[in-house]
Amino acid sequence: MFSESKAELTIFDKLRSINYFLLFLICTIFFIGTLALYSISNGNFSEWPIKHLQRFILGLIIFFIVALLDLKIIFRFAYLIFIASIAALIILLIVGDEINGAKRWISFAGFSLQPSEFVKYTLILALAKYFHSMEDYHENFISKLIIPSFIVIIPVAFVVIQPDLGTALVIFLGGVSVIWISGLNYKYFISGILGFILSLPILWQYLKEYQKDRVFTFFNPERDPLGNGYHITQSKIALGSGGIFGKGYMEGTQSHLNFLPEMQTDFIFTMFGEEFGFIGSIILILLYMALIGIAIRMALTSKSLFSKFLSLGVCSVFFIYVFVNIGMVTGLLPVVGVPLPFISYGGSSMLAVMFGFGLLTNCYINYNTTLTKGSFI
Amino acid sequence: MSESNKFIFKKYDANVSINRRTAIITIAKAGLFSILGARLAYLQIVDKDKYEILSDNNRITHRLIEPQRGIIYDLQGKPLAINRQRYEVVIIREETSDYIKSIENLKKILPDVNIDTEKLYSEIKKTKKFIPIKVLDDLSWDQFSRLNANIHKVDGLYPQIGFKRYYTSGQSHSHIIGYTAPLDKKEKDTNTLADLSSAKSGKLGIEKAKDVSLRGKLGNKNVEVNANGREIRELDRYESIHGENIQLTIDSDLQDYCYKSLNDQSGCVAVTNIKTGEFYALVSSPSYDPNLFSKSISSEKWNSLTENIYKPLINKSISSQYPPGSTIKPFVALAALENGVSEKREVYCNGKHEIKDTSLESGIKTFHCWKEEGHGNVNMNEALKVSCDVYFYQISREIGINKIAEVCKRFGFGQNVFNSFYEEKKGIVPSKNWKLESIGTPWMVGETLSAGIGQGYFLTTSAQLSLALGQLINGGEKIIPTIVMDKNKDVQKNQKISLNPKHLAIIKKGLEDATNTQGGTSFRSRIPGNLKMAGKTGTSQVRVISSQEREEGLKKNNELPWEKRDHGLFIGYGPINNPQYAVSVIIEHGGSGSGAAAPVASKIFKYLFDNKLNLKSKSISNV
């Protein structure tokens, strides 16, 4: 089934091939996250930072395991992994813990996991294998557009009904980015965007009240300053009052006086921006850009299409995370629950992102590996 | 497969396509990141000032600091009204997840206090979640410290320390000092403390009259608060200004003594220094617990006070008006002397005085002397001594009402004694013009006769009587009646009331004889020894005695229901050799001046002579 051009890499070869600059950037951003969480805990290391550290270590383990796996095995089981993650979403709808009216978490052996976080990557896996395995690049649009669209729509639909619009959006955009890279004609993207805009009034009917409220609030946060607009209004006040140099570490009044809700999770960037100012915020954004830039460069070294699609998909998902989160807290995008990778407090997202970078690194290590067209298994 | 346009993908090297698409997507990502950077620059650099202000508004809250109310001292520097720490507990609903549990825990910590949970819960539900609601007020120190030790068990509950007014002086001072209570609706617009939720204002007495000086000024502080409004730290503070301390001219011991001398009878006493105008006592009886109003008072208790026929809430010494009765006679006598009536002039008293009255069937209206059988021939001295009504009917008729009114007004009747008490009444000095203006009918001769013995339209107050007598006895020195010591007061010695010393000597002699010679109306209440008092009794009718009643035989006062009995009055001064004090005593429905009022006045004079001669104030700056 496989055709190999090179001898198997040893584990040491692989370890040597890891891009340690990438890992360094990840650790740097994680360190900033820990600092931020330490500030939020008012200098109490055992409140948020310790768990954040534990999760990061667990994430590193996952990163190395995934990075050192045989790429062929990943390729082979790509669909199965995707199907398993979809199954997890279905099980979640039946037995999931309902928190704030949404079923997002599944408790298992003392852990609380959010399967939707992993679906972002398993979808990329499935799409990468699908596009890699296509018989001919000149396939008709059913296999080029319709089938991939279904692969994307199925997990998105399950996440939407949880309901978790934010994660669904990330999954959807992640999938679309892979389809884009696969070379689908521009026309379809343009007509897709137009179609989406035209269908907005119909989609609107299906939104829940609180979701509609959030959209209203996005366009006019002042309309409900103590309700839905509160988050975004307070978040902007925090960022703006931080100014160029910030209020100083652990000196953020908005965050330390509890004016900012959900500080340790989705709104952590706000607190960082309040304390470290414009300069701190820009440095953090530059770190993310550097990380994504390196990741894209790594992705392009791969020879196999699967590796390319997979790696570039991982980059896109990571970018979407960062962009949506910061866009949301700065009031550019509606408030949807998307964490800031490596910084926000949250186990599933940390593990999922490390899983993603594990996949990316695996492709990078095995850049020379060629893969045949895959069957279903 | 052809390469025509119907195909979705052109035939090309997949890797080239991927690279190109990746380049586009990478540029897009960089562009989107630039938008984020621009957005941050806009928020954090361009709009920085705006958000800084918003952030400060968020975290900084302006809080008021309650000023302490001025202390009220007596003449001797003894504190009468002070501020005590008030320990209270409030609940803020948004700071507890389960307020019912907090209240239940509070009950366990303080099993000895009563909480009306039903009322409290409904109030909590009605009130906005961030507004503190009073749960308990006026806890003892022990309860307060017990609560503080267990504060972790009662989320959302806050122990607070404030001030409450406390009156140390007991019931005898209630009326003159008054009390404080929460602001009325009207005051909320004008009172300078109105922004304070616990603001109170004086409602009666000195507390009301001097409210503006006593209340002090609000302080304020800026505090940093968290999103729940809880105070984190103080940023700056402008202290409140303690209300002005006030020293009264009231001598607390004397006030107490006067109150006790009234012995729970309904009545009032005023004691005046006739040289300075300082009121040393201003007593009203019965009274009420002055600390009653520091808590909310039950409607039952309130009704029992308002419905009490003895009217314990009213300060009778300045707010209750009585006909002066015979206590007006010294002033009528003065008017007679000034209008050419000789002291030697004799009037024959056969017990009644008749005048023509065409409105009556008989054509004659009869005015009776209090002594049915009459006094025989009386001159002025005798008339004052025995209080002969017929003598005063005669001379009043001769001089006319306007002359009487002029003299009475000159000595302070018909005017407010103090200008500062809104509850003060000024009495009535009747005259021809007064009647025309306020009643609208012309004056009748018979009314002059009634006025001549202090009946009819005449009304006065206890404070007025003692002031008028004081200004008469001191030889016509105009004195400024004071109840609050004023350090800056100019002593105005020059103001004189027109008074012929010879006339004064005649009147003084009459009053001295009335008390200190056999047959005088207050002889039974005389004080033996060197220091003597002198004075005039008064018995004022509160009903019209019909001729039929008179024929059937007059009922004795103690046979009548209380509220129909005569008022007993006495005005006196002493010591007679060197007068210092003027005292007026009024016993409501006491029966007679000689029987009810003079003995009380006598006790008070005795006390004054024994304990309070040459009374001087002690400066409160030294206490």
# chains A, B, ... in the order shown; residues from 1 in each chain; ligands from 1
>>> select_by_dssp(residues="region 357-396 of chain B", states="strand (DSSP E)", output="VMD selection string")
chain B and resid 364 to 368 376 to 378
>>> write_last_selection(atoms="N, CA and C atoms", output="compact mmCIF listing (two decimals), in the first residue's frame")
# COMPACT_ATOMS: atom_id res chain seq x y z
N ILE B 364 -79.34 93.71 82.70
CA ILE B 364 -78.16 93.90 83.54
C ILE B 364 -77.31 92.65 83.47
N LYS B 365 -75.97 92.89 83.30
CA LYS B 365 -75.07 91.74 83.33
C LYS B 365 -74.24 91.83 84.61
N THR B 366 -74.16 90.72 85.31
CA THR B 366 -73.49 90.71 86.59
C THR B 366 -72.15 90.02 86.47
N PHE B 367 -71.07 90.71 86.97
CA PHE B 367 -69.74 90.10 87.03
C PHE B 367 -69.44 89.81 88.48
N HIS B 368 -69.06 88.57 88.74
CA HIS B 368 -68.88 88.16 90.13
C HIS B 368 -67.42 88.24 90.54
N GLY B 376 -65.38 93.95 100.71
CA GLY B 376 -65.54 95.25 101.38
C GLY B 376 -64.74 96.31 100.66
N ASN B 377 -64.28 97.33 101.39
CA ASN B 377 -63.49 98.38 100.76
C ASN B 377 -62.06 97.91 100.53
N VAL B 378 -61.60 97.99 99.25
CA VAL B 378 -60.21 97.59 98.97
C VAL B 378 -59.51 98.67 98.18
>>> residues_around(residues="Gly454 (chain B)", least_positions_apart="6", cutoff="8 Å", atoms="only C-alpha atoms", output="ChimeraX atom specification")
/B:323-329,540
>>> atom_distance(atom1="CA of Lys603 (chain B)", atom2="CA of Gly414 (chain B)")
28.5 Å
>>> residues_around(residues="region 43-55 of chain B", least_positions_apart="2", cutoff="9 Å", atoms="only C-alpha atoms", output="JSON, numbers by chain")
{"A": [234, 236, 237, 238, 239, 240, 241, 242, 243, 244, 246, 253, 254, 273, 274, 277, 278, 330], "B": [38, 39, 40, 41, 57, 58, 59, 60]}
>>> atom_distance(atom1="CA of Asn291 (chain B)", atom2="CA of Ser201 (chain B)")
14.4 Å
>>> residues_around(residues="region 167-182 of chain A", least_positions_apart="6", cutoff="7 Å", atoms="only C-alpha atoms", output="PDB file with N, CA and C atoms, in the first residue's frame")
ATOM      1  N   SER A 116     -15.752  19.353  20.757  1.00  0.00           N
ATOM      2  CA  SER A 116     -15.773  20.255  19.601  1.00  0.00           C
ATOM      3  C   SER A 116     -14.410  20.897  19.347  1.00  0.00           C
ATOM      4  N   LYS A 120     -12.128  20.481  15.314  1.00  0.00           N
ATOM      5  CA  LYS A 120     -11.460  21.439  14.435  1.00  0.00           C
ATOM      6  C   LYS A 120     -10.315  20.764  13.680  1.00  0.00           C
ATOM      7  N   LEU A 123     -11.412  17.346  11.523  1.00  0.00           N
ATOM      8  CA  LEU A 123     -12.010  17.717  10.234  1.00  0.00           C
ATOM      9  C   LEU A 123     -10.916  17.994   9.204  1.00  0.00           C
ATOM     10  N   ILE A 124      -9.879  18.694   9.665  1.00  0.00           N
ATOM     11  CA  ILE A 124      -8.755  19.002   8.769  1.00  0.00           C
ATOM     12  C   ILE A 124      -8.107  17.699   8.294  1.00  0.00           C
ATOM     13  N   PHE A 131      -8.721  15.143  -0.009  1.00  0.00           N
ATOM     14  CA  PHE A 131      -8.144  15.820  -1.178  1.00  0.00           C
ATOM     15  C   PHE A 131      -6.886  15.126  -1.679  1.00  0.00           C
ATOM     16  N   VAL A 152     -17.587  19.071   5.959  1.00  0.00           N
ATOM     17  CA  VAL A 152     -17.518  20.244   6.824  1.00  0.00           C
ATOM     18  C   VAL A 152     -18.839  20.456   7.563  1.00  0.00           C
ATOM     19  N   VAL A 156     -20.069  20.818  11.846  1.00  0.00           N
ATOM     20  CA  VAL A 156     -20.531  22.174  12.157  1.00  0.00           C
ATOM     21  C   VAL A 156     -21.979  22.107  12.667  1.00  0.00           C
ATOM     22  N   VAL A 159     -22.206  20.951  16.212  1.00  0.00           N
ATOM     23  CA  VAL A 159     -21.731  21.942  17.183  1.00  0.00           C
ATOM     24  C   VAL A 159     -22.729  23.102  17.307  1.00  0.00           C
ATOM     25  N   VAL A 160     -23.366  23.409  16.173  1.00  0.00           N
ATOM     26  CA  VAL A 160     -24.348  24.501  16.208  1.00  0.00           C
ATOM     27  C   VAL A 160     -25.505  24.142  17.141  1.00  0.00           C
ATOM     28  N   PHE A 309      -1.972  19.905   3.107  1.00  0.00           N
ATOM     29  CA  PHE A 309      -3.326  20.320   3.487  1.00  0.00           C
ATOM     30  C   PHE A 309      -3.487  20.313   5.004  1.00  0.00           C
ATOM     31  N   GLY A 313      -3.985  23.613   7.116  1.00  0.00           N
ATOM     32  CA  GLY A 313      -5.266  23.649   7.837  1.00  0.00           C
ATOM     33  C   GLY A 313      -5.048  23.970   9.302  1.00  0.00           C
ATOM     34  N   SER A 316      -4.357  27.550   9.693  1.00  0.00           N
ATOM     35  CA  SER A 316      -5.553  28.374   9.542  1.00  0.00           C
ATOM     36  C   SER A 316      -6.417  28.326  10.792  1.00  0.00           C
ATOM     37  N   VAL A 317      -6.616  27.130  11.330  1.00  0.00           N
ATOM     38  CA  VAL A 317      -7.433  27.000  12.538  1.00  0.00           C
ATOM     39  C   VAL A 317      -6.826  27.841  13.660  1.00  0.00           C
ATOM     40  N   ILE A 320      -7.468  31.445  13.022  1.00  0.00           N
ATOM     41  CA  ILE A 320      -8.865  31.818  13.258  1.00  0.00           C
ATOM     42  C   ILE A 320      -9.122  31.997  14.759  1.00  0.00           C
ATOM     43  N   TYR A 321      -8.585  31.073  15.553  1.00  0.00           N
ATOM     44  CA  TYR A 321      -8.683  31.208  17.008  1.00  0.00           C
ATOM     45  C   TYR A 321      -8.240  32.594  17.462  1.00  0.00           C
ATOM     46  N   VAL A 338     -14.739  32.052  21.922  1.00  0.00           N
ATOM     47  CA  VAL A 338     -13.517  31.466  21.346  1.00  0.00           C
ATOM     48  C   VAL A 338     -12.341  31.846  22.244  1.00  0.00           C
TER      49      VAL A 338
ATOM     50  N   ILE B  18      -1.203  25.229  -4.761  1.00  0.00           N
ATOM     51  CA  ILE B  18      -1.222  25.323  -3.292  1.00  0.00           C
ATOM     52  C   ILE B  18      -0.360  26.488  -2.828  1.00  0.00           C
ATOM     53  N   ARG B  21      -2.219  29.743  -3.519  1.00  0.00           N
ATOM     54  CA  ARG B  21      -3.346  29.937  -2.595  1.00  0.00           C
ATOM     55  C   ARG B  21      -2.851  30.218  -1.162  1.00  0.00           C
ATOM     56  N   THR B  22      -1.775  29.539  -0.798  1.00  0.00           N
ATOM     57  CA  THR B  22      -1.229  29.767   0.545  1.00  0.00           C
ATOM     58  C   THR B  22      -0.702  31.194   0.676  1.00  0.00           C
TER      59      THR B  22
END
>>> residues_around(residues="Tyr158 (chain B)", least_positions_apart="4", cutoff="12 Å", atoms="only C-alpha atoms", output="NGL selection string")
:B and (87-93 or 95-96 or 102-103 or 106 or 132-137 or 144 or 147-148 or 150-154 or 230-231)
>>> write_last_selection(atoms="N, CA and C atoms", output="PDB file, in the first residue's frame")
ATOM      1  N   TYR B  87     -24.755  50.589  66.042  1.00  0.00           N
ATOM      2  CA  TYR B  87     -24.291  49.391  65.340  1.00  0.00           C
ATOM      3  C   TYR B  87     -25.460  48.821  64.574  1.00  0.00           C
ATOM      4  N   GLU B  88     -25.273  48.735  63.266  1.00  0.00           N
ATOM      5  CA  GLU B  88     -26.378  48.229  62.461  1.00  0.00           C
ATOM      6  C   GLU B  88     -25.856  47.210  61.460  1.00  0.00           C
ATOM      7  N   VAL B  89     -26.775  46.489  60.874  1.00  0.00           N
ATOM      8  CA  VAL B  89     -26.419  45.486  59.884  1.00  0.00           C
ATOM      9  C   VAL B  89     -27.256  45.740  58.649  1.00  0.00           C
ATOM     10  N   VAL B  90     -26.596  45.780  57.497  1.00  0.00           N
ATOM     11  CA  VAL B  90     -27.347  45.904  56.253  1.00  0.00           C
ATOM     12  C   VAL B  90     -27.063  44.688  55.380  1.00  0.00           C
ATOM     13  N   ILE B  91     -27.966  44.460  54.440  1.00  0.00           N
ATOM     14  CA  ILE B  91     -27.761  43.367  53.493  1.00  0.00           C
ATOM     15  C   ILE B  91     -27.742  43.945  52.084  1.00  0.00           C
ATOM     16  N   ILE B  92     -26.828  43.423  51.267  1.00  0.00           N
ATOM     17  CA  ILE B  92     -26.799  43.803  49.853  1.00  0.00           C
ATOM     18  C   ILE B  92     -27.047  42.519  49.069  1.00  0.00           C
ATOM     19  N   ARG B  93     -28.193  42.499  48.411  1.00  0.00           N
ATOM     20  CA  ARG B  93     -28.660  41.238  47.826  1.00  0.00           C
ATOM     21  C   ARG B  93     -27.684  40.660  46.808  1.00  0.00           C
ATOM     22  N   GLU B  95     -24.683  40.565  46.716  1.00  0.00           N
ATOM     23  CA  GLU B  95     -23.433  40.016  47.227  1.00  0.00           C
ATOM     24  C   GLU B  95     -23.624  38.705  47.960  1.00  0.00           C
ATOM     25  N   THR B  96     -24.785  38.155  47.835  1.00  0.00           N
ATOM     26  CA  THR B  96     -24.996  36.829  48.393  1.00  0.00           C
ATOM     27  C   THR B  96     -25.794  36.008  47.399  1.00  0.00           C
ATOM     28  N   SER B 102     -28.408  33.509  54.485  1.00  0.00           N
ATOM     29  CA  SER B 102     -27.635  34.476  55.271  1.00  0.00           C
ATOM     30  C   SER B 102     -28.435  34.963  56.464  1.00  0.00           C
ATOM     31  N   ILE B 103     -29.716  35.268  56.233  1.00  0.00           N
ATOM     32  CA  ILE B 103     -30.552  35.778  57.325  1.00  0.00           C
ATOM     33  C   ILE B 103     -30.772  34.679  58.367  1.00  0.00           C
ATOM     34  N   LEU B 106     -27.795  34.510  60.375  1.00  0.00           N
ATOM     35  CA  LEU B 106     -27.750  35.677  61.260  1.00  0.00           C
ATOM     36  C   LEU B 106     -28.587  35.415  62.507  1.00  0.00           C
ATOM     37  N   PRO B 132     -28.114  48.751  49.785  1.00  0.00           N
ATOM     38  CA  PRO B 132     -28.110  48.128  51.112  1.00  0.00           C
ATOM     39  C   PRO B 132     -29.459  48.322  51.804  1.00  0.00           C
ATOM     40  N   ILE B 133     -29.912  47.292  52.458  1.00  0.00           N
ATOM     41  CA  ILE B 133     -31.169  47.358  53.196  1.00  0.00           C
ATOM     42  C   ILE B 133     -30.863  47.078  54.656  1.00  0.00           C
ATOM     43  N   LYS B 134     -31.430  47.870  55.521  1.00  0.00           N
ATOM     44  CA  LYS B 134     -31.168  47.701  56.944  1.00  0.00           C
ATOM     45  C   LYS B 134     -31.840  46.425  57.449  1.00  0.00           C
ATOM     46  N   VAL B 135     -31.057  45.595  58.082  1.00  0.00           N
ATOM     47  CA  VAL B 135     -31.602  44.361  58.638  1.00  0.00           C
ATOM     48  C   VAL B 135     -31.810  44.536  60.137  1.00  0.00           C
ATOM     49  N   LEU B 136     -30.780  45.025  60.803  1.00  0.00           N
ATOM     50  CA  LEU B 136     -30.873  45.246  62.244  1.00  0.00           C
ATOM     51  C   LEU B 136     -30.289  46.611  62.572  1.00  0.00           C
ATOM     52  N   ASP B 137     -30.898  47.249  63.542  1.00  0.00           N
ATOM     53  CA  ASP B 137     -30.431  48.563  63.937  1.00  0.00           C
ATOM     54  C   ASP B 137     -30.159  48.517  65.434  1.00  0.00           C
ATOM     55  N   PHE B 144     -22.891  43.093  68.327  1.00  0.00           N
ATOM     56  CA  PHE B 144     -22.146  43.548  67.162  1.00  0.00           C
ATOM     57  C   PHE B 144     -20.835  42.781  67.022  1.00  0.00           C
ATOM     58  N   LEU B 147     -21.420  39.232  65.908  1.00  0.00           N
ATOM     59  CA  LEU B 147     -21.687  39.166  64.474  1.00  0.00           C
ATOM     60  C   LEU B 147     -20.386  39.292  63.681  1.00  0.00           C
ATOM     61  N   ASN B 148     -19.538  40.222  64.114  1.00  0.00           N
ATOM     62  CA  ASN B 148     -18.284  40.417  63.390  1.00  0.00           C
ATOM     63  C   ASN B 148     -17.407  39.176  63.413  1.00  0.00           C
ATOM     64  N   ASN B 150     -18.441  36.247  63.345  1.00  0.00           N
ATOM     65  CA  ASN B 150     -19.018  35.185  62.507  1.00  0.00           C
ATOM     66  C   ASN B 150     -19.379  35.678  61.114  1.00  0.00           C
ATOM     67  N   ILE B 151     -18.727  36.763  60.708  1.00  0.00           N
ATOM     68  CA  ILE B 151     -19.168  37.446  59.497  1.00  0.00           C
ATOM     69  C   ILE B 151     -19.049  36.552  58.263  1.00  0.00           C
ATOM     70  N   HIS B 152     -18.118  35.610  58.300  1.00  0.00           N
ATOM     71  CA  HIS B 152     -17.938  34.740  57.137  1.00  0.00           C
ATOM     72  C   HIS B 152     -19.148  33.842  56.890  1.00  0.00           C
ATOM     73  N   LYS B 153     -20.010  33.706  57.894  1.00  0.00           N
ATOM     74  CA  LYS B 153     -21.180  32.834  57.722  1.00  0.00           C
ATOM     75  C   LYS B 153     -22.364  33.551  57.093  1.00  0.00           C
ATOM     76  N   VAL B 154     -22.256  34.865  57.018  1.00  0.00           N
ATOM     77  CA  VAL B 154     -23.411  35.614  56.523  1.00  0.00           C
ATOM     78  C   VAL B 154     -23.031  36.452  55.313  1.00  0.00           C
ATOM     79  N   ARG B 230     -18.292  46.918  46.264  1.00  0.00           N
ATOM     80  CA  ARG B 230     -17.637  46.771  47.565  1.00  0.00           C
ATOM     81  C   ARG B 230     -16.390  47.647  47.621  1.00  0.00           C
ATOM     82  N   GLU B 231     -16.216  48.287  48.761  1.00  0.00           N
ATOM     83  CA  GLU B 231     -15.101  49.208  48.919  1.00  0.00           C
ATOM     84  C   GLU B 231     -13.785  48.434  48.956  1.00  0.00           C
TER      85      GLU B 231
END
>>> residues_around(residues="Ile161 (chain A)", least_positions_apart="6", cutoff="12 Å", atoms="only C-alpha atoms", output="ChimeraX atom specification")
/A:89-90,92-94,101-104,116,154-155,167-168,206-208
>>> residues_around(residues="Leu15 (chain A)", least_positions_apart="5", cutoff="9 Å", atoms="only C-alpha atoms", output="list of chain:residue names")
A:Thr10, A:Phe64, A:Ala67, A:Leu68, A:Ile365
>>> write_last_selection(atoms="C-alpha atoms", output="compact mmCIF listing (two decimals), in the first residue's frame")
# COMPACT_ATOMS: atom_id res chain seq x y z
CA THR A 10 14.58 6.73 13.98
CA PHE A 64 5.37 14.84 21.25
CA ALA A 67 4.66 14.48 16.41
CA LEU A 68 6.58 11.24 16.75
CA ILE A 365 9.48 15.80 10.41
>>> closest_residue(among="A:Phe56, A:Phe12, A:Phe269, A:Tyr230", to="Cys27 (chain A)", atoms="only C-alpha atoms")
A:Phe56
>>> closest_residue(among="A:Lys51, A:Lys212, A:Arg16, A:Arg297", to="chain B", atoms="only C-alpha atoms")
A:Arg297
>>> closest_residue(among="A:Ser17, A:Thr265, A:Thr28, A:Ser255", to="chain B", atoms="only C-alpha atoms")
A:Ser255
>>> atom_distance(atom1="CA of Ile27 (chain B)", atom2="CA of Gly183 (chain A)")
16.7 Å
>>> closest_residue(among="A:Leu305, A:Ala295, A:Cys363, A:Ile193", to="chain B", atoms="only C-alpha atoms")
A:Leu305
